[in-house]
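**Q** Supplied structure: upload_36.tsv, TSV, C-alpha atoms.
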chain	number	residue	atom	x	y	z
A	1	MET	CA	0.00	0.00	0.00
A	2	SER	CA	0.99	3.61	-0.32
A	3	ARG	CA	-0.24	6.68	1.50
A	4	GLY	CA	-1.20	8.85	-1.46
A	5	TYR	CA	1.37	11.57	-0.88
A	6	ARG	CA	4.00	12.54	-3.41
A	7	ASN	CA	7.12	10.38	-3.06
A	8	SER	CA	5.85	8.85	0.18
A	9	ASP	CA	6.66	5.47	1.61
A	10	TYR	CA	5.11	2.22	0.48
A	11	LEU	CA	4.72	-0.84	2.64
A	12	ALA	CA	3.31	-4.33	3.06
A	13	LEU	CA	0.95	-5.16	5.91
A	14	ARG	CA	-0.02	-8.56	7.24
A	15	PRO	CA	-3.85	-8.77	7.26
A	16	GLY	CA	-5.84	-9.08	10.46
A	17	GLY	CA	-5.24	-7.57	13.85
A	18	LYS	CA	-7.07	-4.88	15.78
A	19	GLY	CA	-6.15	-1.42	16.94
A	20	ASP	CA	-2.68	-0.08	16.28
A	21	VAL	CA	-0.92	-2.79	14.27
A	22	SER	CA	2.01	-0.63	13.18
A	23	GLY	CA	4.40	-2.60	15.37
A	24	SER	CA	3.00	-6.07	14.75
A	25	HIS	CA	1.74	-6.20	11.16
A	26	VAL	CA	4.17	-4.15	9.05
A	27	LEU	CA	6.16	-6.68	7.04
A	28	TRP	CA	8.43	-4.11	5.36
A	29	ARG	CA	8.50	-0.40	4.58
A	30	THR	CA	10.36	1.49	1.86
A	31	PRO	CA	10.77	5.18	2.79
A	32	SER	CA	10.15	6.81	-0.59
A	33	GLY	CA	9.17	6.27	-4.19
A	34	ALA	CA	5.45	5.55	-3.95
A	35	SER	CA	3.00	7.12	-6.35
A	36	TYR	CA	0.65	9.97	-5.54
A	37	VAL	CA	-2.33	9.23	-7.81
A	38	PRO	CA	-1.65	5.96	-9.73
A	39	SER	CA	-2.46	2.68	-8.02
A	40	ILE	CA	0.15	0.06	-7.23
A	41	VAL	CA	-0.20	-3.34	-8.91
A	42	VAL	CA	1.30	-6.58	-7.60
A	43	TYR	CA	1.87	-9.22	-10.24
A	44	ASP	CA	3.96	-12.37	-10.33
A	45	GLY	CA	5.81	-11.48	-7.12
A	46	LEU	CA	6.64	-7.93	-8.20
A	47	ILE	CA	5.18	-4.51	-7.38
A	48	TYR	CA	4.80	-2.03	-10.24
A	49	MET	CA	4.11	1.64	-9.66
A	50	THR	CA	4.42	4.84	-11.59
A	51	ASN	CA	4.55	8.34	-10.27
A	52	GLU	CA	3.33	11.60	-11.69
A	53	ILE	CA	6.80	12.72	-12.79
A	54	GLY	CA	7.29	9.69	-15.03
A	55	VAL	CA	9.33	7.29	-12.91
A	56	VAL	CA	8.35	3.61	-13.00
A	57	THR	CA	9.51	1.43	-10.12
A	58	CYS	CA	9.47	-2.36	-9.98
A	59	ALA	CA	10.08	-3.83	-6.52
A	60	ASP	CA	10.13	-7.27	-4.95
A	61	ALA	CA	6.75	-7.86	-3.29
A	62	LYS	CA	8.23	-9.93	-0.43
A	63	THR	CA	10.87	-7.40	0.62
A	64	GLY	CA	10.03	-4.06	-1.00
A	65	THR	CA	13.54	-3.91	-2.45
A	66	PRO	CA	13.57	-2.05	-5.79
A	67	VAL	CA	14.45	-4.33	-8.71
A	68	TRP	CA	14.64	-1.55	-11.31
A	69	ARG	CA	13.61	2.05	-11.98
A	70	ARG	CA	13.10	3.82	-15.28
A	71	ARG	CA	12.26	7.37	-16.20
A	72	LEU	CA	9.70	7.79	-18.96
A	73	ASP	CA	9.01	10.91	-20.97
A	74	GLY	CA	6.10	12.94	-19.66
A	75	VAL	CA	3.76	13.30	-16.73
A	76	PHE	CA	1.65	10.30	-15.71
A	77	PHE	CA	-1.52	9.73	-13.72
A	78	GLY	CA	-2.53	6.33	-15.15
A	79	SER	CA	-2.12	3.13	-13.15
A	80	PRO	CA	-0.07	0.16	-14.36
A	81	VAL	CA	-1.89	-3.02	-15.39
A	82	ALA	CA	-0.76	-6.64	-15.52
A	83	GLY	CA	-2.09	-9.97	-16.76
A	84	ASP	CA	-1.39	-12.92	-19.02
A	85	GLY	CA	2.33	-12.84	-18.24
A	86	ARG	CA	2.73	-9.15	-19.10
A	87	SER	CA	2.91	-5.88	-17.25
A	88	THR	CA	2.34	-2.45	-18.79
A	89	TRP	CA	2.86	1.04	-17.48
Would you mind giving the structure from this file in structure tokens?
**A**
Amino acid sequence: MSRGYRNSDYLALRPGGKGDVSGSHVLWRTPSGASYVPSIVVYDGLIYMTNEIGVVTCADAKTGTPVWRRRLDGVFFGSPVAGDGRSTW
């Protein structure tokens, strides 16, 4: 998940729990790089996200560790999609 702020953190939470689960259910947290408007997609063990300044990040879904980053030309507000063995941003 991401918080919906420009260049904010993104993280993985274990489902379940009650009350403040910030100490017990956060599996990992990456301090920056999340998108502001576009949604994050998880596909085939990888997280894909774009941000509004044209940077695409692919990260490992188990650890949050970035696998690669690429800068595209332009400003983006569309969300990535994935299926049938392919991912598109």
**Q** Separation of atom CA of Gly85 of chain A and atom CA of Tyr43 of chain A, in Å?
**A**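 Spanning atom CA of Gly85 of chain A to atom CA of Tyr43 of chain A is a straight-line distance of 8.8 Å.
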**Q** So, counting all atoms listed in the file, which residue among A:Pro80, A:Val42, A:Tyr36, A:Ser8 is closest to Val56 of chain A?
**A**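 The answer is A:Pro80, which sits nearest to Val56 of chain A.
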**Q** Leaving out His25 of chain A and any residue of its chain fewer than 6 positions from it, which residues lie within 8 Å of it when counting all atoms listed in the file, given as an NGL selection string?
**A** :A and (13-15 or 17)
**Q** Let's have the selection written as a PDB file, in the coordinates of the input, with C-alpha atoms.
**A**
ATOM      1  CA  LEU A  13       0.950  -5.160   5.910  1.00  0.00           C
ATOM      2  CA  ARG A  14      -0.020  -8.560   7.240  1.00  0.00           C
ATOM      3  CA  PRO A  15      -3.850  -8.770   7.260  1.00  0.00           C
ATOM      4  CA  GLY A  17      -5.240  -7.570  13.850  1.00  0.00           C
TER       5      GLY A  17
END
**Q** Which neighbours of Val41 of chain A fall inside 12 Å, counting only C-alpha atoms, when residues of the same chain fewer than 5 positions from it are skipped, and could you give them as a list in words?
**A**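 Non-adjacent residues within range: Met1, Ser2, Ala34, Ser35, Leu46, Ile47, Tyr48, Met49, Thr50, Val56, Thr57, Cys58, Ala59, Asp60, Ala61, Gly78, Ser79, Pro80, Val81, Ala82, Gly83, Ser87, Thr88 and Trp89 of chain A.
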**Q** Measure the distance from atom CA of Val67 of chain A to atom CA of Val21 of chain A in Å and round it to one decimal.
**A**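 Taking atom CA of Val67 of chain A and atom CA of Val21 of chain A, their separation equals 27.7 Å.
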**Q** All heavy atoms are needed for segment 22-33 of chain A; please write them out as a CSV table (one decimal), in the coordinates of the input.
**A**
chain,number,residue,atom,x,y,z
A,22,SER,N,0.8,-1.1,13.8
A,22,SER,CA,2.0,-0.6,13.2
A,22,SER,C,3.3,-1.4,13.7
A,22,SER,O,4.2,-1.4,12.9
A,22,SER,CB,2.2,0.9,13.4
A,22,SER,OG,2.2,1.2,14.8
A,23,GLY,N,3.2,-1.9,14.9
A,23,GLY,CA,4.4,-2.6,15.4
A,23,GLY,C,4.3,-4.1,15.1
A,23,GLY,O,5.4,-4.8,15.1
A,24,SER,N,3.1,-4.6,14.9
A,24,SER,CA,3.0,-6.1,14.8
A,24,SER,C,2.7,-6.6,13.3
A,24,SER,O,2.9,-7.7,13.1
A,24,SER,CB,1.9,-6.6,15.7
A,24,SER,OG,0.7,-5.9,15.3
A,25,HIS,N,2.2,-5.7,12.5
A,25,HIS,CA,1.7,-6.2,11.2
A,25,HIS,C,2.5,-5.6,10.0
A,25,HIS,O,2.1,-5.9,8.8
A,25,HIS,CB,0.2,-6.0,11.0
A,25,HIS,CG,-0.6,-7.0,11.8
A,25,HIS,ND1,-0.5,-7.0,13.2
A,25,HIS,CD2,-1.4,-7.9,11.4
A,25,HIS,CE1,-1.3,-8.0,13.6
A,25,HIS,NE2,-1.9,-8.5,12.6
A,26,VAL,N,3.4,-4.7,10.2
A,26,VAL,CA,4.2,-4.2,9.0
A,26,VAL,C,5.3,-5.1,8.7
A,26,VAL,O,6.1,-5.4,9.5
A,26,VAL,CB,4.8,-2.8,9.4
A,26,VAL,CG1,5.7,-2.3,8.3
A,26,VAL,CG2,3.7,-1.8,9.7
A,27,LEU,N,5.2,-5.7,7.5
A,27,LEU,CA,6.2,-6.7,7.0
A,27,LEU,C,7.4,-6.0,6.6
A,27,LEU,O,8.5,-6.5,6.8
A,27,LEU,CB,5.6,-7.6,5.9
A,27,LEU,CG,4.3,-8.3,6.3
A,27,LEU,CD1,3.7,-9.1,5.1
A,27,LEU,CD2,4.6,-9.3,7.4
A,28,TRP,N,7.3,-4.9,5.8
A,28,TRP,CA,8.4,-4.1,5.4
A,28,TRP,C,7.9,-2.7,5.0
A,28,TRP,O,6.7,-2.6,4.7
A,28,TRP,CB,9.2,-4.8,4.2
A,28,TRP,CG,8.4,-5.2,3.0
A,28,TRP,CD1,7.9,-6.4,2.7
A,28,TRP,CD2,7.9,-4.3,2.0
A,28,TRP,NE1,7.2,-6.4,1.6
A,28,TRP,CE2,7.2,-5.1,1.1
A,28,TRP,CE3,8.0,-2.9,1.7
A,28,TRP,CZ2,6.5,-4.6,-0.1
A,28,TRP,CZ3,7.4,-2.4,0.6
A,28,TRP,CH2,6.7,-3.3,-0.3
A,29,ARG,N,8.8,-1.8,5.0
A,29,ARG,CA,8.5,-0.4,4.6
A,29,ARG,C,9.7,0.2,3.8
A,29,ARG,O,10.8,0.1,4.2
A,29,ARG,CB,8.2,0.4,5.8
A,29,ARG,CG,7.9,1.9,5.5
A,29,ARG,CD,7.6,2.7,6.7
A,29,ARG,NE,6.5,2.1,7.4
A,29,ARG,CZ,5.5,2.7,8.0
A,29,ARG,NH1,5.6,4.0,8.2
A,29,ARG,NH2,4.5,2.1,8.5
A,30,THR,N,9.4,0.8,2.7
A,30,THR,CA,10.4,1.5,1.9
A,30,THR,C,10.1,3.0,2.0
A,30,THR,O,8.9,3.4,1.8
A,30,THR,CB,10.3,1.0,0.4
A,30,THR,OG1,10.5,-0.4,0.4
A,30,THR,CG2,11.3,1.7,-0.5
A,31,PRO,N,11.0,3.8,2.4
A,31,PRO,CA,10.8,5.2,2.8
A,31,PRO,C,10.3,6.1,1.7
A,31,PRO,O,9.7,7.2,2.0
A,31,PRO,CB,12.1,5.6,3.4
A,31,PRO,CG,13.1,4.7,2.8
A,31,PRO,CD,12.5,3.4,2.5
A,32,SER,N,10.6,5.9,0.4
A,32,SER,CA,10.2,6.8,-0.6
A,32,SER,C,10.0,6.1,-1.9
A,32,SER,O,10.4,5.0,-2.1
A,32,SER,CB,11.2,7.9,-0.8
A,32,SER,OG,12.4,7.4,-1.2
A,33,GLY,N,9.3,6.8,-2.8
A,33,GLY,CA,9.2,6.3,-4.2
A,33,GLY,C,7.8,5.9,-4.6
A,33,GLY,O,7.5,5.6,-5.7
